[in-house]
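*Asks:* Hey, dropping input-v7.tsv in here, TSV, C-alpha atoms:
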```tsv
chain	number	residue	atom	x	y	z
A	30	MET	CA	96.05	141.63	133.07
A	31	ARG	CA	93.30	141.59	130.46
A	32	HIS	CA	93.99	142.54	126.85
A	33	ARG	CA	92.69	146.08	126.41
A	34	ILE	CA	90.65	146.81	123.28
A	35	ILE	CA	89.57	150.40	122.70
A	36	VAL	CA	86.96	151.26	120.07
A	37	LEU	CA	86.95	154.91	119.02
A	38	GLY	CA	83.51	156.08	117.97
A	39	ALA	CA	80.06	154.58	118.52
A	40	GLY	CA	78.52	155.07	115.11
A	41	TYR	CA	77.27	152.33	112.82
A	42	ALA	CA	80.72	150.73	112.60
A	43	GLY	CA	82.02	151.32	116.12
A	44	ALA	CA	78.98	150.42	118.21
A	45	SER	CA	78.26	147.22	116.29
A	46	ALA	CA	81.95	146.27	116.35
A	47	ALA	CA	82.08	146.59	120.14
A	48	GLY	CA	79.00	144.40	120.47
A	49	TYR	CA	80.37	141.77	118.12
A	50	LEU	CA	83.67	141.63	119.98
A	51	ALA	CA	81.85	141.32	123.30
A	52	ARG	CA	79.84	138.41	121.91
A	53	HIS	CA	82.90	136.48	120.80
A	54	LEU	CA	85.73	137.29	123.23
A	55	HIS	CA	85.98	135.95	126.77
A	56	PRO	CA	85.59	138.70	129.40
A	57	ASP	CA	88.25	137.11	131.61
A	58	ASP	CA	90.83	137.79	128.90
A	59	PHE	CA	89.57	140.97	127.22
A	60	GLU	CA	88.52	144.44	128.32
A	61	ILE	CA	86.50	146.37	125.71
A	62	THR	CA	86.03	150.12	126.03
A	63	VAL	CA	84.12	152.40	123.65
A	64	VAL	CA	85.05	156.08	123.53
A	65	ASN	CA	82.41	158.42	122.14
A	66	ALA	CA	81.76	162.13	122.43
A	67	GLU	CA	77.96	161.84	122.66
A	68	ALA	CA	75.87	159.90	125.15
A	69	ASP	CA	73.50	158.66	122.43
A	70	PHE	CA	73.88	156.52	119.36
A	71	VAL	CA	73.14	158.81	116.42
A	72	GLU	CA	71.11	157.41	113.52
A	73	ARG	CA	73.02	159.29	110.89
A	74	MET	CA	70.88	157.85	108.10
A	75	ARG	CA	67.89	159.65	109.62
A	76	LEU	CA	69.46	163.05	110.30
A	77	HIS	CA	67.83	164.60	107.23
A	78	GLN	CA	64.49	163.59	108.78
A	79	LEU	CA	65.47	165.12	112.12
A	80	ALA	CA	66.39	168.37	110.38
A	81	ALA	CA	62.99	168.41	108.67
A	82	GLY	CA	61.08	168.10	111.94
A	83	ALA	CA	60.77	164.35	112.58
A	84	GLN	CA	60.88	163.11	116.17
A	85	LEU	CA	63.50	160.38	116.35
A	86	ARG	CA	63.84	157.83	119.12
A	87	ARG	CA	66.94	158.33	121.23
A	88	PHE	CA	69.25	155.40	121.94
A	89	GLY	CA	71.41	155.95	125.02
A	90	LEU	CA	74.77	154.20	124.74
A	91	ALA	CA	74.83	153.40	128.45
A	92	GLU	CA	71.52	151.58	128.04
A	93	MET	CA	72.69	149.87	124.86
A	94	PHE	CA	75.84	148.51	126.48
A	95	ALA	CA	74.31	147.68	129.88
A	96	GLY	CA	75.04	144.08	130.85
A	97	THR	CA	77.40	143.48	127.91
A	98	GLY	CA	80.67	144.01	129.73
A	99	ILE	CA	81.52	146.88	127.37
A	100	GLY	CA	82.91	149.95	129.10
A	101	LEU	CA	81.80	153.39	127.92
A	102	ARG	CA	83.88	156.55	128.15
A	103	LEU	CA	82.07	159.73	127.13
A	104	ALA	CA	84.82	162.04	125.92
A	105	HIS	CA	86.25	163.71	122.84
A	106	VAL	CA	89.23	161.99	121.24
A	107	THR	CA	91.96	164.58	120.72
A	108	ALA	CA	95.00	162.46	119.82
A	109	VAL	CA	96.20	158.93	119.10
A	110	ASP	CA	99.78	157.77	119.68
A	111	PRO	CA	100.24	154.39	117.95
A	112	GLU	CA	103.85	154.15	119.09
A	113	GLN	CA	103.01	154.42	122.79
A	114	ARG	CA	99.59	152.81	122.20
A	115	THR	CA	97.65	155.58	123.90
A	116	VAL	CA	94.57	157.66	123.15
A	117	THR	CA	94.19	161.17	124.57
A	118	VAL	CA	90.65	162.21	125.47
A	119	THR	CA	89.02	165.25	127.02
A	120	ASP	CA	85.77	165.65	128.91
A	121	GLY	CA	84.25	168.04	131.40
A	122	GLU	CA	86.76	167.00	134.03
A	123	GLY	CA	89.89	167.48	131.95
A	124	THR	CA	92.31	165.43	129.85
A	125	ASP	CA	93.14	161.78	130.23
A	126	ARG	CA	95.38	159.30	128.43
A	127	LEU	CA	94.02	155.79	127.84
A	128	GLU	CA	96.31	152.85	127.13
A	129	TYR	CA	95.37	150.10	124.71
A	130	ASP	CA	96.72	146.83	123.36
A	131	THR	CA	94.45	146.80	120.31
A	132	LEU	CA	92.71	149.84	118.82
A	133	LEU	CA	89.73	149.96	116.47
A	134	TYR	CA	89.55	153.41	114.93
A	135	SER	CA	86.02	154.22	113.74
A	136	LEU	CA	85.54	157.94	114.32
A	137	GLY	CA	83.60	158.34	111.09
A	138	SER	CA	83.33	161.53	109.07
A	139	THR	CA	81.77	164.96	109.01
A	140	SER	CA	80.77	167.47	106.37
A	141	ALA	CA	83.58	168.52	104.00
A	142	ASP	CA	83.75	172.23	103.23
A	143	GLN	CA	85.91	171.50	100.13
A	144	GLY	CA	87.90	174.64	100.95
A	145	VAL	CA	85.01	176.88	99.94
A	146	PRO	CA	85.00	180.23	101.78
A	147	GLY	CA	82.02	180.89	104.01
A	148	VAL	CA	80.87	177.29	104.49
A	149	ASP	CA	81.83	177.08	108.16
A	150	GLU	CA	80.50	180.54	108.93
A	151	HIS	CA	77.22	180.54	107.04
A	152	ALA	CA	76.13	177.05	105.93
A	153	PHE	CA	74.21	174.32	107.72
A	154	HIS	CA	74.78	170.58	107.38
A	155	VAL	CA	73.33	167.29	108.63
A	156	SER	CA	76.46	165.28	109.45
A	157	GLY	CA	75.70	165.23	113.18
A	158	ARG	CA	72.75	165.41	115.52
A	159	GLN	CA	73.46	168.92	116.82
A	160	ALA	CA	74.07	170.17	113.27
A	161	ALA	CA	70.73	168.73	112.13
A	162	LEU	CA	68.93	170.33	115.07
A	163	ARG	CA	70.58	173.66	114.28
A	164	LEU	CA	69.22	173.47	110.72
A	165	ARG	CA	65.83	172.48	112.05
A	166	GLY	CA	65.73	175.54	114.25
A	167	ARG	CA	66.55	177.73	111.29
A	168	LEU	CA	63.86	176.15	109.12
A	169	ASP	CA	61.29	176.53	111.88
A	170	GLY	CA	62.03	180.24	111.94
A	171	LEU	CA	61.60	180.83	108.21
A	172	GLY	CA	57.84	180.60	108.12
A	173	GLU	CA	56.10	179.72	104.87
A	174	ASN	CA	57.84	182.14	102.53
A	175	GLY	CA	61.52	181.43	103.04
A	176	SER	CA	64.08	179.97	100.66
A	177	VAL	CA	66.56	177.11	101.08
A	178	LEU	CA	69.58	176.31	98.94
A	179	VAL	CA	71.00	172.77	99.10
A	180	VAL	CA	74.54	172.46	97.72
A	181	GLY	CA	75.52	169.02	96.45
A	182	GLY	CA	74.24	166.24	94.24
A	183	ASN	CA	74.94	163.12	96.29
A	184	LEU	CA	72.55	160.94	98.28
A	185	THR	CA	72.59	163.26	101.30
A	186	ALA	CA	71.82	166.34	99.22
A	187	ILE	CA	68.92	164.59	97.48
A	188	GLU	CA	67.43	163.33	100.73
A	189	VAL	CA	67.80	166.71	102.47
A	190	ALA	CA	66.23	168.62	99.60
A	191	THR	CA	63.22	166.34	99.21
A	192	GLU	CA	62.64	165.96	102.95
A	193	ILE	CA	62.62	169.73	103.47
A	194	ALA	CA	60.40	170.31	100.45
A	195	GLU	CA	57.89	167.75	101.72
A	196	ALA	CA	57.89	168.98	105.31
A	197	TRP	CA	57.70	172.69	104.38
A	198	PRO	CA	55.75	172.93	101.10
A	199	GLY	CA	55.71	176.71	101.37
A	200	LEU	CA	59.50	177.02	101.25
A	201	ARG	CA	61.26	177.59	97.94
A	202	VAL	CA	63.91	174.84	97.73
A	203	THR	CA	66.77	175.03	95.22
A	204	LEU	CA	69.56	172.50	94.65
A	205	ALA	CA	72.89	173.39	93.03
A	206	THR	CA	75.30	170.65	92.02
A	207	THR	CA	78.61	170.56	90.18
A	208	ASP	CA	77.64	167.53	88.12
A	209	GLU	CA	74.44	166.08	86.72
A	210	LEU	CA	71.85	165.34	89.37
A	211	GLY	CA	71.59	161.58	89.80
A	212	GLY	CA	73.99	160.98	86.94
A	213	TRP	CA	75.15	157.71	88.52
A	214	LEU	CA	71.59	156.30	88.47
A	215	GLY	CA	70.17	154.08	85.77
A	216	PRO	CA	67.84	155.77	83.22
A	217	LYS	CA	64.59	154.68	84.90
A	218	ALA	CA	65.80	155.58	88.35
A	219	ARG	CA	67.02	159.00	87.22
A	220	ARG	CA	63.72	159.77	85.52
A	221	HIS	CA	61.94	158.86	88.73
A	222	LEU	CA	64.27	161.14	90.69
A	223	LEU	CA	63.67	164.11	88.39
A	224	ARG	CA	59.90	163.56	88.51
A	225	ALA	CA	60.07	163.63	92.29
A	226	PHE	CA	61.95	166.92	92.22
A	227	ASP	CA	59.35	168.34	89.83
A	228	ARG	CA	56.55	167.14	92.10
A	229	PHE	CA	58.11	168.89	95.09
A	230	GLY	CA	58.82	172.02	93.07
A	231	ILE	CA	62.56	171.84	93.74
A	232	GLU	CA	64.55	174.00	91.34
A	233	VAL	CA	67.67	172.22	90.08
A	234	HIS	CA	70.85	173.88	88.79
A	235	GLU	CA	73.31	171.38	87.34
A	236	HIS	CA	76.96	172.17	86.49
A	237	ALA	CA	76.86	174.94	89.09
A	238	THR	CA	80.01	174.79	91.20
A	239	ILE	CA	79.62	176.89	94.34
A	240	GLU	CA	82.74	178.91	95.10
A	241	LYS	CA	81.52	181.04	98.00
A	242	VAL	CA	78.84	180.89	100.67
A	243	THR	CA	77.52	184.10	102.19
A	244	ALA	CA	75.03	185.06	104.86
A	245	THR	CA	72.40	185.47	102.13
A	246	GLY	CA	73.14	182.51	99.86
A	247	ALA	CA	75.98	181.39	97.61
A	248	VAL	CA	77.91	182.35	94.48
A	249	ALA	CA	78.75	179.91	91.69
A	250	ALA	CA	81.94	179.80	89.60
A	251	ASP	CA	80.20	181.45	86.66
A	252	GLY	CA	79.09	184.35	88.84
A	253	THR	CA	75.50	183.20	89.35
A	254	THR	CA	74.18	184.27	92.74
A	255	PHE	CA	71.75	182.05	94.60
A	256	LEU	CA	69.83	183.94	97.26
A	257	ALA	CA	68.70	181.84	100.21
A	258	ASP	CA	67.60	182.28	103.79
A	259	ALA	CA	69.36	179.02	104.66
A	260	THR	CA	72.15	177.25	102.77
A	261	VAL	CA	72.60	173.54	103.44
A	262	TRP	CA	76.05	172.19	102.57
A	263	ALA	CA	75.91	168.55	101.44
A	264	ALA	CA	78.89	168.39	99.09
A	265	GLY	CA	80.73	165.40	100.49
A	266	PHE	CA	82.38	164.07	103.63
A	267	ALA	CA	85.74	164.51	105.34
A	268	VAL	CA	87.33	162.44	108.09
A	269	HIS	CA	88.60	163.88	111.33
A	270	PRO	CA	92.30	164.95	111.14
A	271	ILE	CA	93.30	162.90	114.20
A	272	ALA	CA	94.51	159.89	112.21
A	273	ALA	CA	96.75	161.98	109.95
A	274	ALA	CA	98.25	163.77	112.96
A	275	SER	CA	98.92	160.49	114.78
A	276	GLY	CA	101.61	159.16	112.49
A	277	LEU	CA	99.40	156.39	111.11
A	278	ALA	CA	99.73	155.86	107.37
A	279	VAL	CA	96.85	157.70	105.71
A	280	GLU	CA	95.70	158.56	102.22
A	281	GLY	CA	95.48	162.08	100.83
A	282	ASP	CA	91.96	162.49	102.22
A	283	GLY	CA	93.08	161.51	105.74
A	284	ARG	CA	91.57	158.03	105.81
A	285	ILE	CA	93.68	155.31	107.39
A	286	THR	CA	95.40	153.07	104.84
A	287	VAL	CA	94.49	149.49	105.70
A	288	ASP	CA	95.21	146.05	104.29
A	289	ARG	CA	92.54	143.55	103.25
A	290	MET	CA	91.93	142.69	106.92
A	291	MET	CA	91.41	146.35	107.94
A	292	ARG	CA	94.75	146.49	109.75
A	293	SER	CA	96.72	149.72	109.51
A	294	VAL	CA	99.55	149.13	107.05
A	295	SER	CA	101.91	151.07	109.31
A	296	HIS	CA	100.71	149.94	112.76
A	297	PRO	CA	99.08	146.49	112.71
A	298	ARG	CA	97.78	146.81	116.28
A	299	VAL	CA	95.46	149.49	114.90
A	300	TYR	CA	92.41	148.49	112.86
A	301	ALA	CA	90.00	150.85	111.10
A	302	ALA	CA	86.38	150.55	110.00
A	303	GLY	CA	83.66	152.73	108.52
A	304	ASP	CA	84.40	156.08	106.90
A	305	SER	CA	87.78	156.24	108.67
A	306	ALA	CA	89.18	153.33	106.65
A	307	TYR	CA	90.62	153.59	103.15
A	308	ALA	CA	89.69	150.08	102.08
A	309	VAL	CA	89.98	148.72	98.57
A	310	GLY	CA	86.94	146.71	97.55
A	311	ASP	CA	86.91	143.38	95.78
A	312	ASN	CA	86.54	145.24	92.47
A	313	GLY	CA	89.89	146.97	92.99
A	314	GLU	CA	88.32	150.37	93.70
A	315	PRO	CA	88.28	152.20	97.07
A	316	LEU	CA	85.04	151.72	98.98
A	317	PRO	CA	83.07	154.96	99.26
A	318	MET	CA	82.30	156.60	102.60
A	319	SER	CA	78.88	155.12	103.20
A	320	CYS	CA	76.74	153.37	105.79
A	321	ALA	CA	76.33	150.66	103.16
A	322	THR	CA	80.05	149.84	103.27
A	323	ALA	CA	80.58	150.50	106.99
A	324	GLY	CA	79.02	147.13	107.78
A	325	PHE	CA	81.44	145.23	105.56
A	326	THR	CA	84.53	146.96	106.92
A	327	ARG	CA	83.27	146.44	110.48
A	328	MET	CA	82.74	142.73	109.86
A	329	GLN	CA	86.21	142.35	108.38
A	330	ALA	CA	87.89	144.35	111.14
A	331	THR	CA	86.23	142.40	113.96
A	332	ALA	CA	86.95	139.07	112.25
A	333	ALA	CA	90.61	140.08	111.99
A	334	ILE	CA	90.81	141.26	115.60
A	335	ILE	CA	89.27	138.03	116.89
A	336	GLY	CA	91.44	135.88	114.66
A	337	ASP	CA	94.65	137.75	115.41
A	338	LEU	CA	94.10	137.66	119.18
A	339	THR	CA	92.78	134.12	119.58
A	340	GLY	CA	94.98	132.32	117.07
A	341	ARG	CA	92.14	131.44	114.72
A	342	LYS	CA	92.19	131.83	110.96
A	343	VAL	CA	90.61	135.06	109.74
A	344	SER	CA	87.76	134.69	107.29
A	345	LYS	CA	87.39	137.19	104.47
A	346	THR	CA	84.30	139.35	104.42
A	347	PRO	CA	83.18	140.45	100.94
A	348	LEU	CA	84.06	144.10	100.41
A	349	ALA	CA	81.53	145.58	98.04
A	350	TYR	CA	79.17	148.46	97.44
A	351	LEU	CA	75.85	146.87	96.54
A	352	GLY	CA	73.63	149.80	95.74
A	353	ASN	CA	72.00	153.12	96.48
A	354	CYS	CA	68.93	153.50	98.70
A	355	ILE	CA	67.67	157.07	98.47
A	356	SER	CA	64.69	158.53	100.31
A	357	LEU	CA	62.59	161.03	98.39
A	358	GLY	CA	60.46	162.26	101.26
A	359	GLY	CA	58.57	159.92	103.53
A	360	LYS	CA	56.62	157.92	100.94
A	361	ASP	CA	58.92	157.71	97.94
A	362	ALA	CA	62.40	156.32	97.34
A	363	ILE	CA	64.79	154.69	94.91
A	364	PHE	CA	66.65	151.47	95.59
A	365	GLN	CA	69.25	150.82	92.90
A	366	VAL	CA	71.36	147.68	92.71
A	367	VAL	CA	74.82	148.07	91.16
A	368	ASP	CA	77.46	145.69	89.81
A	369	ARG	CA	81.15	145.49	90.64
A	370	THR	CA	81.82	148.61	88.58
A	371	ALA	CA	79.05	150.58	90.36
A	372	ARG	CA	76.86	150.50	87.24
A	373	SER	CA	73.13	150.03	87.66
A	374	THR	CA	71.72	146.55	87.17
A	375	GLY	CA	68.15	147.54	88.03
A	376	SER	CA	66.12	149.55	90.51
A	377	LEU	CA	63.04	149.56	92.69
A	378	ARG	CA	61.16	152.85	92.76
A	379	GLY	CA	58.28	154.56	94.51
A	380	ARG	CA	56.39	153.25	97.53
A	381	PRO	CA	57.95	149.73	97.43
A	382	ALA	CA	61.43	151.28	97.59
A	383	ALA	CA	60.31	153.47	100.48
A	384	TRP	CA	59.21	150.34	102.34
A	385	VAL	CA	62.62	148.78	101.72
A	386	LYS	CA	64.37	151.90	103.04
A	387	ALA	CA	62.12	152.00	106.11
A	388	PHE	CA	62.78	148.31	106.79
A	389	VAL	CA	66.54	148.84	106.52
A	390	LEU	CA	66.47	151.81	108.91
A	391	THR	CA	64.29	149.97	111.44
A	392	ASN	CA	66.37	146.80	111.26
A	393	VAL	CA	69.67	148.68	111.66
A	394	ALA	CA	68.31	150.65	114.61
A	395	TRP	CA	67.15	147.44	116.33
A	396	ASN	CA	70.51	145.76	115.78
A	397	MET	CA	72.36	148.77	117.14
A	398	HIS	CA	70.13	148.86	120.23
A	399	HIS	CA	70.85	145.17	120.90
A	400	PRO	CA	74.63	145.00	120.32
A	401	THR	CA	75.13	141.58	121.92
A	402	TYR	CA	71.94	139.87	120.77
A	403	GLY	CA	72.53	136.13	120.46
A	404	LEU	CA	75.35	136.14	123.00
A	405	PRO	CA	77.19	132.83	122.50
A	406	ALA	CA	77.75	130.49	125.44
A	407	ARG	CA	81.33	129.81	124.37
A	408	LYS	CA	83.73	132.71	123.89
A	409	ARG	CA	87.25	132.80	122.52
A	410	ARG	CA	90.24	133.04	124.84
A	411	LEU	CA	93.35	135.11	124.30
A	412	ALA	CA	96.01	133.02	122.61
A	413	THR	CA	99.69	133.13	123.48
A	414	VAL	CA	101.87	135.03	121.03
A	415	SER	CA	103.17	131.79	119.54
A	416	ASP	CA	99.61	130.57	118.94
A	417	ARG	CA	98.45	133.66	117.08
A	418	SER	CA	98.03	133.52	113.33
A	419	THR	CA	97.43	136.13	110.65
A	420	GLU	CA	96.37	133.56	108.07
A	421	THR	CA	93.21	134.31	106.18
A	422	VAL	CA	90.65	132.06	104.62
A	423	ASP	CA	87.77	132.80	102.28
A	424	ALA	CA	84.40	132.90	103.97
```
Spit out the file's structure as structure tokens when you get a sec.

*Replies:*
Amino acid sequence: MRHRIIVLGAGYAGASAAGYLARHLHPDDFEITVVNAEADFVERMRLHQLAAGAQLRRFGLAEMFAGTGIGLRLAHVTAVDPEQRTVTVTDGEGTDRLEYDTLLYSLGSTSADQGVPGVDEHAFHVSGRQAALRLRGRLDGLGENGSVLVVGGNLTAIEVATEIAEAWPGLRVTLATTDELGGWLGPKARRHLLRAFDRFGIEVHEHATIEKVTATGAVAADGTTFLADATVWAAGFAVHPIAAASGLAVEGDGRITVDRMMRSVSHPRVYAAGDSAYAVGDNGEPLPMSCATAGFTRMQATAAIIGDLTGRKVSKTPLAYLGNCISLGGKDAIFQVVDRTARSTGSLRGRPAAWVKAFVLTNVAWNMHHPTYGLPARKRRLATVSDRSTETVDA
């Protein structure tokens, strides 16, 4: 019987992990199955563009995985039982229980309501394809005289606000954030950001903590009322509660607690990658939920899975957050490089930064659409239990 590997989620971490495993593990010994709720790979880094009216290319997972040996199960994950090594899924035909020998948990994250009343009922977000399309439909219906409130001051909030303002110049766009807008940026980068907001006519309210969202806008902690025809909630991410309910060791935010190799500290047959993993970076600080760090955790998780199952030493992948790449509409951006303490060491701004961002998005999309590119002729076989090693070596 082949060793069964199940990958939960086909986002940036999960889809690329499945492809990497298929490239390096022998199909006679391993069975790889990806479970995902949607039939398409979702370019989450472009969802703000989709919401603002862009036409994005669709990448069908069945097409992506065709000829790779990777199995695809389109279903919603509803439960994980790490003791029995099963995953419960539901689809249009009912409920099923899948058995695994090794699990890679990469279900990602969604918008976090932060416990604020009215967010779920009245706000829009761009954490998923259907959510972005829902916002797009609302914006299409506002005409040229509507108003939009974006809540948040992170990268997603900035990109949503500027993309909407550029696509609909007649809309009045306001951004409310608890902290200082772009406060983590270097001085030159922040000045560039604020000039972009001025150019788009986006009204900024800093130190404005939203405590309630209504059908007509939002109310801040100091009582200030922001009227808006559409409120976009971009105030952080939250992971799905499945991991916490499973009995896996998790942190307070629900992310799976992993060791340096991305193994669950409570159930070493379970690995985690992407936003689902609470991984400590090489600087001693937790890696943020970000596409920029998903690649590193994916590389470490797949290296560990291959090493653990084939008896080879596991190389260490650097775990770092290298910088911020922020779109400011279609022709402007900021690319900021940071050091180990997340402090700016320099930035690229304007059209050159926009080219860098476009190159990154195009390159990532191509890689995701070709998950087993460079398929090696020699693949690793499953080792006997006595041959397996959990040693690690530096890359």

*Asks:* In Å, how far is it from CA of Thr339 (chain A) to CA of Ser275 (chain A)?

*Replies:*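 Answer for the CA of Thr339 (chain A) to CA of Ser275 (chain A) separation: 27.5 Å.
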
*Asks:* Give me, as a list in words, all polymer residues having an atom no more than 9 Å from Gly215 (chain A), counting all atoms listed in the file and skipping those fewer than 3 positions away in the same chain.

*Replies:*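 Once the adjacent positions are removed, what remains is Gly211, Gly212, Ala218, Arg219, Arg220, Gln365, Arg372, Ser373, Thr374, Gly375 and Ser376 of chain A.
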
*Asks:* Compile the contact shell of region 140-149 of chain A as a ChimeraX atom specification: residues with an atom at most 12 Å away, counting all atoms listed in the file, same-chain residues fewer than 2 positions apart removed.

*Replies:* /A:137-138,151-157,160-161,180-181,185-186,238-250,259-270,282-283,304,318

*Asks:* When you look at Leu37 (chain A) with a cut-off of 7 Å (counting all atoms listed in the file), what residues show up, excluding the ones that are within fewer than 2 positions of it in the same chain? I need them as a VMD selection string.

*Replies:* chain A and resid 35 39 43 63 to 65 133 to 136

*Asks:* Pick out the residues sitting within 10 Å of region 190-204 of chain A, and hand them over as a PyMOL selection string; count all atoms listed in the file, and ignore anything fewer than 5 positions along from it in its own chain.

*Replies:* chain A and resi 77-83+165+168-169+171-182+185+210+225-226+228-235+237+255-261+263+356-361

*Asks:* Which residues come within 10 Å of Leu103 (chain A), counting all atoms listed in the file, excluding same-chain residues fewer than 4 positions away, as a count of residues only?

*Replies:* 14

*Asks:* One number please: CA of Asp337 (chain A) to CA of Tyr307 (chain A), in Å, one decimal.

*Replies:*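 It comes out at 20.4 Å.
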
*Asks:* For Arg52 (chain A), which of A:Thr207, A:Ser319, A:Thr331, A:Thr253 is the closest residue, counting all atoms listed in the file?

*Replies:*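 That would be A:Thr331, the residue with the smallest distance to Arg52 (chain A).
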
*Asks:* Kindly indicate which residue among A:Val279, A:Ile334, A:Met328, A:Thr370 lies nearest to Gly313 (chain A), using only C-alpha atoms for the distances.

*Replies:* A:Thr370

*Asks:* Measure the distance from CA of Gly40 (chain A) to CA of Gly303 (chain A) in Å and round it to one decimal.

*Replies:* 8.7 Å

*Asks:* With distances taken over all atoms listed in the file, which residue among A:Cys320, A:Val366, A:Leu411, A:Met93 lies nearest Gly340 (chain A)?

*Replies:* A:Leu411

*Asks:* From the options A:Leu222, A:Leu184, A:Ala394, A:Ala332, which residue's atoms come nearest to Gly352 (chain A), counting all atoms listed in the file?

*Replies:*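 Closest to Gly352 (chain A) of all the choices is A:Leu184.
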
*Asks:* For Gln84 (chain A), which residue among A:Pro317, A:His53, A:Leu162, A:Leu338 is the nearest when counting all atoms listed in the file?

*Replies:*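 Checking each of A:Pro317, A:His53, A:Leu162, A:Leu338 against Gln84 (chain A), counting all atoms listed in the file, the winner is A:Leu162.
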
*Asks:* Using only C-alpha atoms, pick whichever of A:Ala308, A:Arg224, A:Phe94, A:Ala349 has the shortest atom-to-atom distance to Ala51 (chain A).

*Replies:* A:Phe94

*Asks:* Would you be able to write out as a list of chain:residue names which residues have an atom within 8 Å of (97.9, 154.5, 109.4) in the file's coordinates, counting all atoms listed in the file?

*Replies:*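 Every polymer residue passing the test: A:Ala272, A:Ala273, A:Gly276, A:Leu277, A:Ala278, A:Val279, A:Ile285, A:Thr286, A:Val287, A:Ser293, A:Val294, A:Ser295, A:His296, A:Val299.
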